[in-house]
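Structure file target-v1.pdb (PDB, C-alpha atoms) is printed below.
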```pdb
ATOM      1  CA  MET W   1       1.586  20.946  12.729
ATOM      2  CA  ALA W   2       2.857  17.453  12.081
ATOM      3  CA  LYS W   3       6.345  17.395  10.619
ATOM      4  CA  LYS W   4       5.096  15.499   7.574
ATOM      5  CA  THR W   5       2.437  18.185   7.049
ATOM      6  CA  ALA W   6       5.110  20.878   7.086
ATOM      7  CA  GLU W   7       7.160  18.967   4.522
ATOM      8  CA  GLN W   8       4.179  18.544   2.212
ATOM      9  CA  VAL W   9       2.506  21.955   2.541
ATOM     10  CA  LEU W  10       5.333  24.394   3.250
ATOM     11  CA  ASP W  11       7.941  23.914   0.561
ATOM     12  CA  ALA W  12      11.242  25.793   0.477
ATOM     13  CA  GLY W  13       9.789  28.621  -1.583
ATOM     14  CA  ILE W  14       6.890  29.200   0.823
ATOM     15  CA  ARG W  15       9.242  29.106   3.813
ATOM     16  CA  ALA W  16      11.535  31.642   2.159
ATOM     17  CA  ARG W  17       8.594  33.971   1.539
ATOM     18  CA  LEU W  18       7.494  33.562   5.163
ATOM     19  CA  ALA W  19      11.000  34.425   6.321
ATOM     20  CA  ALA W  20      10.871  37.585   4.246
ATOM     21  CA  LEU W  21       7.598  38.638   5.892
ATOM     22  CA  THR W  22       8.226  37.641   9.484
ATOM     23  CA  ASP W  23      10.847  36.856  12.083
ATOM     24  CA  ILE W  24      10.606  33.082  11.856
ATOM     25  CA  ASP W  25      12.803  30.005  12.062
ATOM     26  CA  PRO W  26      11.630  28.343   8.832
ATOM     27  CA  HIS W  27      12.974  24.974  10.007
ATOM     28  CA  LEU W  28      11.192  24.865  13.387
ATOM     29  CA  VAL W  29       8.096  22.667  13.349
ATOM     30  CA  LEU W  30       6.213  21.945  16.582
ATOM     31  CA  ASP W  31       3.939  18.930  16.917
ATOM     32  CA  ASP W  32       4.004  19.116  20.728
ATOM     33  CA  LEU W  33       3.387  22.393  22.575
ATOM     34  CA  THR W  34       4.523  21.105  25.972
ATOM     35  CA  THR W  35       8.274  20.645  25.377
ATOM     36  CA  PRO W  36      11.017  23.078  26.474
ATOM     37  CA  THR W  37      11.733  23.780  22.784
ATOM     38  CA  ALA W  38       8.103  24.652  22.206
ATOM     39  CA  HIS W  39       7.943  26.884  25.272
ATOM     40  CA  ARG W  40      11.038  28.810  24.173
ATOM     41  CA  ALA W  41       9.474  29.409  20.757
ATOM     42  CA  LEU W  42       6.043  30.245  22.156
ATOM     43  CA  ALA W  43       7.420  32.783  24.612
ATOM     44  CA  ASP W  44       7.926  35.363  21.847
ATOM     45  CA  ALA W  45       5.388  34.132  19.294
ATOM     46  CA  GLU W  46       2.804  36.635  18.088
ATOM     47  CA  LEU W  47       1.406  34.440  15.316
ATOM     48  CA  LEU W  48       1.209  30.673  14.812
ATOM     49  CA  ILE W  49       1.020  28.954  11.440
ATOM     50  CA  THR W  50      -0.823  25.676  11.974
ATOM     51  CA  GLY W  51      -1.791  22.661   9.908
ATOM     52  CA  TRP W  52      -2.897  19.047  10.062
ATOM     53  CA  GLY W  53      -1.546  17.412  13.206
ATOM     54  CA  CYS W  54      -1.498  20.559  15.320
ATOM     55  CA  PRO W  55      -2.068  19.728  19.006
ATOM     56  CA  PRO W  56      -4.792  21.646  20.866
ATOM     57  CA  ILE W  57      -3.810  25.203  21.715
ATOM     58  CA  ASP W  58      -5.143  24.962  25.236
ATOM     59  CA  ALA W  59      -4.818  27.166  28.302
ATOM     60  CA  ALA W  60      -1.400  25.726  29.164
ATOM     61  CA  ALA W  61      -0.088  26.453  25.667
ATOM     62  CA  LEU W  62      -1.489  29.972  25.826
ATOM     63  CA  ASP W  63       0.160  30.534  29.222
ATOM     64  CA  ALA W  64       3.463  29.744  27.507
ATOM     65  CA  ALA W  65       2.601  32.193  24.687
ATOM     66  CA  PRO W  66       1.738  35.520  26.376
ATOM     67  CA  LYS W  67       2.278  37.515  23.164
ATOM     68  CA  LEU W  68       0.203  35.268  20.891
ATOM     69  CA  ARG W  69      -2.416  37.243  18.972
ATOM     70  CA  ALA W  70      -3.251  35.257  15.827
ATOM     71  CA  VAL W  71      -3.371  31.806  14.214
ATOM     72  CA  VAL W  72      -3.224  31.144  10.473
ATOM     73  CA  HIS W  73      -4.344  27.599   9.648
ATOM     74  CA  THR W  74      -3.114  26.004   6.425
ATOM     75  CA  ALA W  75      -6.107  23.627   6.219
ATOM     76  CA  GLY W  76      -9.878  23.660   6.696
ATOM     77  CA  THR W  77     -11.479  22.996  10.059
ATOM     78  CA  VAL W  78      -9.981  24.550  13.185
ATOM     79  CA  ARG W  79     -12.110  22.483  15.580
ATOM     80  CA  HIS W  80      -9.288  20.137  16.471
ATOM     81  CA  HIS W  81      -6.826  22.732  17.765
ATOM     82  CA  ILE W  82      -8.560  26.075  18.406
ATOM     83  CA  THR W  83      -9.965  25.708  21.921
ATOM     84  CA  ALA W  84     -12.332  27.810  24.004
ATOM     85  CA  ALA W  85      -9.268  29.331  25.643
ATOM     86  CA  CYS W  86      -8.192  30.724  22.256
ATOM     87  CA  TRP W  87     -11.503  32.514  21.816
ATOM     88  CA  GLN W  88     -11.337  33.775  25.395
ATOM     89  CA  ARG W  89      -7.892  35.218  24.642
ATOM     90  CA  GLY W  90      -9.457  36.962  21.642
ATOM     91  CA  LEU W  91      -7.116  35.448  19.093
ATOM     92  CA  ALA W  92      -7.656  36.323  15.448
ATOM     93  CA  VAL W  93      -8.012  33.038  13.548
ATOM     94  CA  SER W  94      -7.794  32.418   9.807
ATOM     95  CA  SER W  95      -8.451  29.200   7.906
ATOM     96  CA  ALA W  96      -7.653  27.974   4.411
ATOM     97  CA  ALA W  97     -11.080  26.308   4.212
ATOM     98  CA  ALA W  98     -11.921  28.327   1.096
ATOM     99  CA  ALA W  99      -8.845  26.982  -0.668
ATOM    100  CA  ASN W 100      -9.522  23.420   0.429
ATOM    101  CA  ALA W 101     -13.116  23.745  -0.789
ATOM    102  CA  VAL W 102     -11.961  24.031  -4.393
ATOM    103  CA  PRO W 103     -10.804  20.427  -4.954
ATOM    104  CA  VAL W 104     -13.661  19.001  -2.859
ATOM    105  CA  ALA W 105     -16.183  20.836  -5.021
ATOM    106  CA  GLU W 106     -14.403  19.707  -8.186
ATOM    107  CA  TYR W 107     -14.472  16.085  -7.003
ATOM    108  CA  THR W 108     -18.165  16.432  -6.176
ATOM    109  CA  LEU W 109     -19.049  17.949  -9.547
ATOM    110  CA  ALA W 110     -17.198  15.169 -11.355
ATOM    111  CA  MET W 111     -18.949  12.492  -9.330
ATOM    112  CA  ILE W 112     -22.398  14.042  -9.829
ATOM    113  CA  LEU W 113     -21.922  14.081 -13.592
ATOM    114  CA  LEU W 114     -20.492  10.554 -13.665
ATOM    115  CA  ALA W 115     -23.244   9.222 -11.412
ATOM    116  CA  ASN W 116     -26.065  10.600 -13.545
ATOM    117  CA  LYS W 117     -24.346   9.340 -16.699
ATOM    118  CA  ARG W 118     -24.017   5.883 -15.075
ATOM    119  CA  VAL W 119     -20.349   5.917 -16.087
ATOM    120  CA  LEU W 120     -18.957   4.067 -13.086
ATOM    121  CA  GLU W 121     -21.275   1.055 -13.218
ATOM    122  CA  THR W 122     -21.121   0.971 -17.023
ATOM    123  CA  ALA W 123     -17.323   0.830 -16.908
ATOM    124  CA  ARG W 124     -17.433  -2.003 -14.373
ATOM    125  CA  ALA W 125     -19.986  -3.941 -16.434
ATOM    126  CA  TYR W 126     -17.992  -3.469 -19.647
ATOM    127  CA  ARG W 127     -14.794  -4.622 -17.949
ATOM    128  CA  THR W 128     -16.605  -7.735 -16.718
ATOM    129  CA  GLU W 129     -18.733  -8.630 -19.765
ATOM    130  CA  ARG W 130     -16.390  -7.443 -22.551
ATOM    131  CA  ARG W 131     -18.987  -7.433 -25.330
ATOM    132  CA  ARG W 132     -21.224  -5.073 -27.252
ATOM    133  CA  ILE W 133     -24.205  -3.996 -25.154
ATOM    134  CA  ASP W 134     -27.117  -1.671 -25.839
ATOM    135  CA  TRP W 135     -26.356   0.777 -23.038
ATOM    136  CA  ASN W 136     -29.461   2.852 -23.729
ATOM    137  CA  GLU W 137     -31.543  -0.234 -23.104
ATOM    138  CA  ARG W 138     -29.634  -1.141 -19.953
ATOM    139  CA  HIS W 139     -29.592   2.390 -18.526
ATOM    140  CA  PRO W 140     -32.565   4.255 -20.041
ATOM    141  CA  ASP W 141     -32.347   6.865 -17.282
ATOM    142  CA  ALA W 142     -28.665   7.691 -17.850
ATOM    143  CA  GLY W 143     -27.572  11.257 -18.521
ATOM    144  CA  ASN W 144     -27.510  14.650 -16.865
ATOM    145  CA  TYR W 145     -30.116  16.478 -18.950
ATOM    146  CA  ARG W 146     -32.856  17.826 -16.657
ATOM    147  CA  LYS W 147     -31.788  15.703 -13.713
ATOM    148  CA  THR W 148     -32.227  17.034 -10.165
ATOM    149  CA  VAL W 149     -29.334  17.378  -7.746
ATOM    150  CA  GLY W 150     -29.923  17.891  -4.038
ATOM    151  CA  ILE W 151     -27.326  19.772  -1.995
ATOM    152  CA  LEU W 152     -27.453  19.142   1.737
ATOM    153  CA  SER W 153     -26.061  22.297   3.402
ATOM    154  CA  ALA W 154     -24.831  25.538   1.884
ATOM    155  CA  SER W 155     -21.414  25.245   3.474
ATOM    156  CA  ILE W 156     -18.365  26.794   1.810
ATOM    157  CA  ILE W 157     -18.064  23.624  -0.255
ATOM    158  CA  GLY W 158     -21.800  23.264  -0.828
ATOM    159  CA  ARG W 159     -21.989  26.793  -2.215
ATOM    160  CA  ARG W 160     -19.075  26.167  -4.516
ATOM    161  CA  VAL W 161     -20.676  22.974  -5.813
ATOM    162  CA  ILE W 162     -23.886  24.871  -6.578
ATOM    163  CA  ASP W 163     -21.851  27.428  -8.504
ATOM    164  CA  LEU W 164     -20.035  24.725 -10.494
ATOM    165  CA  LEU W 165     -23.384  23.168 -11.414
ATOM    166  CA  ARG W 166     -24.644  26.394 -13.031
ATOM    167  CA  PRO W 167     -23.493  25.638 -16.624
ATOM    168  CA  HIS W 168     -25.242  22.273 -16.666
ATOM    169  CA  ASP W 169     -28.855  21.455 -17.552
ATOM    170  CA  LEU W 170     -29.680  20.430 -13.994
ATOM    171  CA  THR W 171     -32.199  21.466 -11.375
ATOM    172  CA  VAL W 172     -30.478  22.202  -8.069
ATOM    173  CA  LEU W 173     -32.327  21.822  -4.780
ATOM    174  CA  LEU W 174     -30.921  22.925  -1.428
ATOM    175  CA  HIS W 175     -31.711  22.218   2.180
ATOM    176  CA  ASP W 176     -30.084  24.410   4.806
ATOM    177  CA  PRO W 177     -31.918  25.793   7.848
ATOM    178  CA  TYR W 178     -29.679  28.862   7.905
ATOM    179  CA  VAL W 179     -30.458  29.939   4.321
ATOM    180  CA  SER W 180     -33.489  31.959   3.182
ATOM    181  CA  ASP W 181     -35.451  31.436  -0.020
ATOM    182  CA  VAL W 182     -33.999  34.639  -1.437
ATOM    183  CA  GLU W 183     -30.417  33.648  -0.661
ATOM    184  CA  ALA W 184     -30.959  30.183  -2.129
ATOM    185  CA  ARG W 185     -32.226  31.686  -5.371
ATOM    186  CA  GLU W 186     -29.229  34.014  -5.478
ATOM    187  CA  LEU W 187     -26.974  30.996  -5.076
ATOM    188  CA  GLY W 188     -28.740  29.245  -7.953
ATOM    189  CA  ALA W 189     -30.840  26.713  -6.051
ATOM    190  CA  GLN W 190     -34.372  26.143  -4.824
ATOM    191  CA  LEU W 191     -34.727  25.834  -1.056
ATOM    192  CA  VAL W 192     -36.763  22.785  -0.001
ATOM    193  CA  PRO W 193     -37.554  20.856   3.200
ATOM    194  CA  LEU W 194     -35.259  17.947   3.991
ATOM    195  CA  PRO W 195     -37.732  15.149   3.079
ATOM    196  CA  ARG W 196     -38.436  16.747  -0.293
ATOM    197  CA  LEU W 197     -34.707  17.075  -1.002
ATOM    198  CA  PHE W 198     -34.461  13.287  -0.901
ATOM    199  CA  GLU W 199     -37.769  12.595  -2.631
ATOM    200  CA  ASP W 200     -37.133  14.847  -5.633
ATOM    201  CA  SER W 201     -33.406  14.370  -6.267
ATOM    202  CA  HIS W 202     -31.596  11.893  -8.483
ATOM    203  CA  VAL W 203     -28.330  12.608  -6.659
ATOM    204  CA  ILE W 204     -27.853  13.888  -3.109
ATOM    205  CA  SER W 205     -24.531  15.501  -2.193
ATOM    206  CA  VAL W 206     -23.819  15.857   1.529
ATOM    207  CA  HIS W 207     -21.886  18.920   2.731
ATOM    208  CA  THR W 208     -23.088  19.131   6.334
ATOM    209  CA  PRO W 209     -20.575  19.694   9.161
ATOM    210  CA  LEU W 210     -20.494  17.020  11.841
ATOM    211  CA  LEU W 211     -22.168  18.468  14.921
ATOM    212  CA  PRO W 212     -24.097  16.737  17.711
ATOM    213  CA  GLU W 213     -27.350  17.603  15.956
ATOM    214  CA  THR W 214     -26.164  16.404  12.519
ATOM    215  CA  ARG W 215     -24.787  13.018  13.563
ATOM    216  CA  GLY W 216     -26.874  10.453  11.682
ATOM    217  CA  LEU W 217     -28.835  13.244   9.984
ATOM    218  CA  VAL W 218     -29.071  11.222   6.773
ATOM    219  CA  SER W 219     -31.238   8.586   8.403
ATOM    220  CA  ARG W 220     -32.770   5.324   7.256
ATOM    221  CA  GLU W 221     -36.073   7.161   6.750
ATOM    222  CA  LEU W 222     -34.504   9.790   4.496
ATOM    223  CA  LEU W 223     -32.580   7.209   2.486
ATOM    224  CA  ALA W 224     -35.845   5.335   1.943
ATOM    225  CA  ARG W 225     -37.237   8.513   0.350
ATOM    226  CA  LEU W 226     -34.438   8.625  -2.240
ATOM    227  CA  ARG W 227     -35.694   7.166  -5.510
ATOM    228  CA  THR W 228     -34.591   3.692  -6.577
ATOM    229  CA  GLY W 229     -31.395   4.063  -8.597
ATOM    230  CA  GLY W 230     -30.548   7.328  -6.834
ATOM    231  CA  THR W 231     -27.031   8.166  -5.668
ATOM    232  CA  LEU W 232     -25.763   9.518  -2.358
ATOM    233  CA  ILE W 233     -22.428  11.342  -2.435
ATOM    234  CA  ASN W 234     -20.682  12.117   0.847
ATOM    235  CA  THR W 235     -17.563  14.277   1.019
ATOM    236  CA  ALA W 236     -18.402  15.795   4.419
ATOM    237  CA  ARG W 237     -18.063  13.490   7.422
ATOM    238  CA  GLY W 238     -18.951   9.819   7.550
ATOM    239  CA  ALA W 239     -20.980  10.068  10.751
ATOM    240  CA  VAL W 240     -23.466  12.489   9.168
ATOM    241  CA  VAL W 241     -24.910   9.427   7.392
ATOM    242  CA  ASP W 242     -26.459   6.402   9.089
ATOM    243  CA  GLN W 243     -23.932   4.057   7.539
ATOM    244  CA  ARG W 244     -25.706   0.872   8.562
ATOM    245  CA  ALA W 245     -28.857   2.075   6.804
ATOM    246  CA  LEU W 246     -26.891   3.149   3.734
ATOM    247  CA  THR W 247     -25.094  -0.193   3.624
ATOM    248  CA  ASP W 248     -28.431  -2.003   3.657
ATOM    249  CA  GLU W 249     -29.700   0.153   0.783
ATOM    250  CA  VAL W 250     -26.658  -0.323  -1.455
ATOM    251  CA  VAL W 251     -26.208  -4.028  -0.703
ATOM    252  CA  SER W 252     -29.824  -4.521  -1.766
ATOM    253  CA  GLY W 253     -28.965  -2.786  -5.041
ATOM    254  CA  ARG W 254     -31.619  -0.117  -4.619
ATOM    255  CA  LEU W 255     -29.258   2.853  -4.227
ATOM    256  CA  HIS W 256     -25.817   3.886  -5.383
ATOM    257  CA  ALA W 257     -23.219   5.621  -3.212
ATOM    258  CA  ILE W 258     -19.985   7.549  -3.710
ATOM    259  CA  LEU W 259     -18.237   7.836  -0.370
ATOM    260  CA  ASP W 260     -15.056   9.789   0.207
ATOM    261  CA  VAL W 261     -15.689   9.637   3.964
ATOM    262  CA  THR W 262     -16.997   6.790   6.076
ATOM    263  CA  GLU W 263     -17.519   5.898   9.726
ATOM    264  CA  PRO W 264     -14.971   4.765  10.779
ATOM    265  CA  GLU W 265     -12.797   6.682   8.341
ATOM    266  CA  VAL W 266     -10.876   3.526   7.451
ATOM    267  CA  LEU W 267     -13.467   0.811   6.929
ATOM    268  CA  PRO W 268     -12.913  -2.707   8.237
ATOM    269  CA  ALA W 269     -11.336  -4.890   5.571
ATOM    270  CA  ASP W 270     -14.468  -7.036   5.435
ATOM    271  CA  SER W 271     -16.872  -4.132   4.929
ATOM    272  CA  PRO W 272     -19.411  -4.979   2.196
ATOM    273  CA  LEU W 273     -19.029  -1.433   0.873
ATOM    274  CA  PHE W 274     -15.681  -2.365  -0.698
ATOM    275  CA  ASP W 275     -17.241  -5.096  -2.827
ATOM    276  CA  CYS W 276     -20.560  -3.468  -3.706
ATOM    277  CA  PRO W 277     -20.601  -2.871  -7.483
ATOM    278  CA  ASN W 278     -22.840   0.164  -7.017
ATOM    279  CA  VAL W 279     -20.517   1.852  -4.474
ATOM    280  CA  VAL W 280     -17.354   3.885  -4.997
ATOM    281  CA  VAL W 281     -15.237   4.315  -1.868
ATOM    282  CA  THR W 282     -12.259   6.666  -1.925
ATOM    283  CA  PRO W 283      -9.909   7.224   1.044
ATOM    284  CA  HIS W 284     -10.744  10.852   1.933
ATOM    285  CA  ILE W 285      -8.972  12.241  -1.137
ATOM    286  CA  ALA W 286     -11.493  14.869  -2.265
ATOM    287  CA  GLY W 287      -9.659  17.582  -0.327
ATOM    288  CA  SER W 288      -6.309  19.076  -1.254
ATOM    289  CA  LYS W 289      -3.781  16.522  -2.451
ATOM    290  CA  GLY W 290      -0.405  16.728  -4.176
ATOM    291  CA  GLY W 291      -0.005  19.973  -6.082
ATOM    292  CA  GLU W 292      -3.272  21.288  -4.614
ATOM    293  CA  LEU W 293      -1.510  21.698  -1.260
ATOM    294  CA  ARG W 294       0.233  24.727  -2.759
ATOM    295  CA  ARG W 295      -3.144  26.505  -2.905
ATOM    296  CA  LEU W 296      -3.466  26.107   0.882
ATOM    297  CA  ALA W 297       0.023  27.472   1.431
ATOM    298  CA  ASP W 298      -0.552  30.426  -0.899
ATOM    299  CA  LEU W 299      -3.750  31.406   0.925
ATOM    300  CA  ALA W 300      -2.062  31.105   4.320
ATOM    301  CA  LEU W 301       0.892  33.158   3.120
ATOM    302  CA  ALA W 302      -1.459  35.875   1.881
ATOM    303  CA  GLU W 303      -3.113  35.934   5.318
ATOM    304  CA  VAL W 304       0.275  36.270   7.045
ATOM    305  CA  GLU W 305       1.079  39.194   4.765
ATOM    306  CA  THR W 306      -2.308  40.739   5.549
ATOM    307  CA  TYR W 307      -1.633  40.394   9.272
ATOM    308  CA  ALA W 308       1.858  41.877   8.900
ATOM    309  CA  LEU W 309       0.300  44.915   7.235
ATOM    310  CA  GLY W 310      -2.089  45.362  10.154
ATOM    311  CA  ARG W 311      -5.201  44.450   8.189
ATOM    312  CA  PRO W 312      -7.995  42.017   9.152
ATOM    313  CA  PHE W 313      -7.852  38.520   7.749
ATOM    314  CA  ALA W 314      -9.622  37.898   4.453
ATOM    315  CA  HIS W 315     -10.700  34.434   5.641
ATOM    316  CA  PRO W 316     -11.467  34.811   9.340
ATOM    317  CA  VAL W 317     -13.015  32.162  11.555
ATOM    318  CA  ARG W 318     -15.264  33.559  14.262
ATOM    319  CA  PRO W 319     -16.594  31.671  17.280
ATOM    320  CA  GLU W 320     -20.200  32.623  16.560
ATOM    321  CA  HIS W 321     -19.963  30.793  13.230
ATOM    322  CA  LEU W 322     -18.605  27.522  14.621
ATOM    323  CA  ALA W 323     -22.039  25.900  14.821
ATOM    324  CA  ARG W 324     -22.286  26.179  11.024
ATOM    325  CA  LEU W 325     -18.722  25.195  10.089
ATOM    326  CA  ALA W 326     -17.055  21.843   9.571
TER     327      ALA W 326
END
```

Translate the structure described by the file into structure tokens.
Amino acid sequence: MAKKTAEQVLDAGIRARLAALTDIDPHLVLDDLTTPTAHRALADAELLITGWGCPPIDAAALDAAPKLRAVVHTAGTVRHHITAACWQRGLAVSSAAAANAVPVAEYTLAMILLANKRVLETARAYRTERRRIDWNERHPDAGNYRKTVGILSASIIGRRVIDLLRPHDLTVLLHDPYVSDVEARELGAQLVPLPRLFEDSHVISVHTPLLPETRGLVSRELLARLRTGGTLINTARGAVVDQRALTDEVVSGRLHAILDVTEPEVLPADSPLFDCPNVVVTPHIAGSKGGELRRLADLALAEVETYALGRPFAHPVRPEHLARLA
């Protein structure tokens, strides 16, 4: 992992607990698997603990690691470093995606409730106008009571969002081609076709992994189906949404958007999305930040302990599931 990642995620207490479980140099951090130092460490490594900034574990890296049997990832997606060669070796792979899903789902829940309540635009208007206003008259549709929320994809995060929505007086719709009607009902949602998800929802929350077939999935046509005044929330990947089409919709004032991810991830300084009063842009902060990083480390540590005891991982990643994962 990147050295900064190690400093932020693996504090002294976590490293001490790792040292008690394994034969590890708690101060060795590799962000390049091609150096002599890396090759000396890999020669005897049975398990790798990875994180953000990990280089690809390719065939050359695996040749230098003949004893490697498992990888425990302290973050979500493993797409950037677990290569086909890893699966061919038969490595056991674990991910902290379930831990990272917690803050993303919390962010999403908060934004859904704020969007329906019209809190964000009301706060901006109040800051600008600084006078008494009849907010019921200005926003007669504000509030969460009996509103409809559409969840695009029952990913780990999508499922957690659905669960967090249970206590609220909301109707939850779901579109996911891998989920049955029965499973959707068990989750607490009604399964619907993609066009209907956009037509019937007040808020759409995107949780789709970025795959070749999902790039631009939220198209201009689908956005046009979202009711005037509706809100699109994206905490997945920016490229899942046709950003040009979304920009046109929000600049016109027809739709609202809450974007934690964009395409590119850092928008150009002159992007109209920054200045749109009906858009909230955050810099990919929905995932684990600050003290939440400890949750990632605790899950990874538990997986290392599980591996040391000879048990299967509690949070495995399997190659046959990659087409459905972020």

(message) Under the PyMOL selection byres ((chain W and resi 174) around 8), which residues of this model are included? Write them out as a ChimeraX atom specification.
(response) /W:150-154,172-173,175-176,184,189-192,197

Prev. selection, C-alpha atoms, output as a CSV table (one decimal), in the coordinates of the input:
```
chain,number,residue,atom,x,y,z
W,150,GLY,CA,-29.9,17.9,-4.0
W,151,ILE,CA,-27.3,19.8,-2.0
W,152,LEU,CA,-27.5,19.1,1.7
W,153,SER,CA,-26.1,22.3,3.4
W,154,ALA,CA,-24.8,25.5,1.9
W,172,VAL,CA,-30.5,22.2,-8.1
W,173,LEU,CA,-32.3,21.8,-4.8
W,175,HIS,CA,-31.7,22.2,2.2
W,176,ASP,CA,-30.1,24.4,4.8
W,184,ALA,CA,-31.0,30.2,-2.1
W,189,ALA,CA,-30.8,26.7,-6.1
W,190,GLN,CA,-34.4,26.1,-4.8
W,191,LEU,CA,-34.7,25.8,-1.1
W,192,VAL,CA,-36.8,22.8,0.0
W,197,LEU,CA,-34.7,17.1,-1.0
```

(request) Compile the contact shell of range 86-99 of chain W as a PyMOL selection string: residues with an atom at most 6 Å away, counting only C-alpha atoms, same-chain residues fewer than 2 positions apart removed. (result) chain W and resi 69-76+83-84+101-102+296+315-317

Grab the residues selected above and save them as a short mmCIF file (atom, residue, chain, number, x, y, z; two decimals), in the frame of the given file with C-alpha atoms.
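Final output, result-v1.cif:
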```
data_model
loop_
_atom_site.label_atom_id
_atom_site.label_comp_id
_atom_site.auth_asym_id
_atom_site.auth_seq_id
_atom_site.Cartn_x
_atom_site.Cartn_y
_atom_site.Cartn_z
CA ARG W 69 -2.42 37.24 18.97
CA ALA W 70 -3.25 35.26 15.83
CA VAL W 71 -3.37 31.81 14.21
CA VAL W 72 -3.22 31.14 10.47
CA HIS W 73 -4.34 27.60 9.65
CA THR W 74 -3.11 26.00 6.42
CA ALA W 75 -6.11 23.63 6.22
CA GLY W 76 -9.88 23.66 6.70
CA THR W 83 -9.96 25.71 21.92
CA ALA W 84 -12.33 27.81 24.00
CA ALA W 101 -13.12 23.74 -0.79
CA VAL W 102 -11.96 24.03 -4.39
CA LEU W 296 -3.47 26.11 0.88
CA HIS W 315 -10.70 34.43 5.64
CA PRO W 316 -11.47 34.81 9.34
CA VAL W 317 -13.02 32.16 11.56
#
```

(message) Using all atoms listed in the file for the distances, tell me which of W:Pro193, W:Pro312, W:Pro319, W:Gly291 is nearest to Ser180 in chain W.
(response)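 Checking each of W:Pro193, W:Pro312, W:Pro319, W:Gly291 against Ser180 in chain W, counting all atoms listed in the file, the winner is W:Pro193.
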
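The coordinates place CA of Leu246 in chain W at 7.1 Å from CA of Leu223 in chain W.
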
(request) Name all residues at most 10 Å from range 199-205 of chain W (count only C-alpha atoms; drop same-chain ones fewer than 4 positions away) and give them as a PyMOL selection string. (result) chain W and resi 108-109+111-113+115-116+144+147-153+158+161+171-174+192+194-195+222-236+256-258

(request) Excluding Gln243 in chain W and any residue of its chain fewer than 4 positions from it, enumerate the residues within 8 Å of it, using all atoms listed in the file, and give them as a PyMOL selection string. (result) chain W and resi 238-239+247+262-263

(message) Quick check, in Å to one decimal: how far apart do CA of Arg185 in chain W and CA of His168 in chain W lie?
(response)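 If I compute the distance from CA of Arg185 in chain W to CA of His168 in chain W, I get 16.3 Å.
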
(message) One number please: CA of Arg118 in chain W to CA of Ile162 in chain W, in Å, one decimal.
(response) 20.8 Å

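Considering the residues W:Lys67, W:Glu129, W:Val104, W:Pro209 and counting all atoms listed in the file, His284 in chain W has its shortest atom-to-atom contact with W:Val104.
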
(message) Taking the file as I've supplied it (selection: the PyMOL selection byres ((chain W and resi 12-19) around 12)), which residues are included? Please answer as a ChimeraX atom specification.
(response) /W:6-11,20-29,47-49,74,293-305,308

I need the residues from that last selection saved to file as a PDB file, in the frame of the given file (with C-alpha atoms), if you can.
```
ATOM      1  CA  ALA W   6       5.110  20.878   7.086  1.00  0.00           C
ATOM      2  CA  GLU W   7       7.160  18.967   4.522  1.00  0.00           C
ATOM      3  CA  GLN W   8       4.179  18.544   2.212  1.00  0.00           C
ATOM      4  CA  VAL W   9       2.506  21.955   2.541  1.00  0.00           C
ATOM      5  CA  LEU W  10       5.333  24.394   3.250  1.00  0.00           C
ATOM      6  CA  ASP W  11       7.941  23.914   0.561  1.00  0.00           C
ATOM      7  CA  ALA W  20      10.871  37.585   4.246  1.00  0.00           C
ATOM      8  CA  LEU W  21       7.598  38.638   5.892  1.00  0.00           C
ATOM      9  CA  THR W  22       8.226  37.641   9.484  1.00  0.00           C
ATOM     10  CA  ASP W  23      10.847  36.856  12.083  1.00  0.00           C
ATOM     11  CA  ILE W  24      10.606  33.082  11.856  1.00  0.00           C
ATOM     12  CA  ASP W  25      12.803  30.005  12.062  1.00  0.00           C
ATOM     13  CA  PRO W  26      11.630  28.343   8.832  1.00  0.00           C
ATOM     14  CA  HIS W  27      12.974  24.974  10.007  1.00  0.00           C
ATOM     15  CA  LEU W  28      11.192  24.865  13.387  1.00  0.00           C
ATOM     16  CA  VAL W  29       8.096  22.667  13.349  1.00  0.00           C
ATOM     17  CA  LEU W  47       1.406  34.440  15.316  1.00  0.00           C
ATOM     18  CA  LEU W  48       1.209  30.673  14.812  1.00  0.00           C
ATOM     19  CA  ILE W  49       1.020  28.954  11.440  1.00  0.00           C
ATOM     20  CA  THR W  74      -3.114  26.004   6.425  1.00  0.00           C
ATOM     21  CA  LEU W 293      -1.510  21.698  -1.260  1.00  0.00           C
ATOM     22  CA  ARG W 294       0.233  24.727  -2.759  1.00  0.00           C
ATOM     23  CA  ARG W 295      -3.144  26.505  -2.905  1.00  0.00           C
ATOM     24  CA  LEU W 296      -3.466  26.107   0.882  1.00  0.00           C
ATOM     25  CA  ALA W 297       0.023  27.472   1.431  1.00  0.00           C
ATOM     26  CA  ASP W 298      -0.552  30.426  -0.899  1.00  0.00           C
ATOM     27  CA  LEU W 299      -3.750  31.406   0.925  1.00  0.00           C
ATOM     28  CA  ALA W 300      -2.062  31.105   4.320  1.00  0.00           C
ATOM     29  CA  LEU W 301       0.892  33.158   3.120  1.00  0.00           C
ATOM     30  CA  ALA W 302      -1.459  35.875   1.881  1.00  0.00           C
ATOM     31  CA  GLU W 303      -3.113  35.934   5.318  1.00  0.00           C
ATOM     32  CA  VAL W 304       0.275  36.270   7.045  1.00  0.00           C
ATOM     33  CA  GLU W 305       1.079  39.194   4.765  1.00  0.00           C
ATOM     34  CA  ALA W 308       1.858  41.877   8.900  1.00  0.00           C
TER      35      ALA W 308
END
```
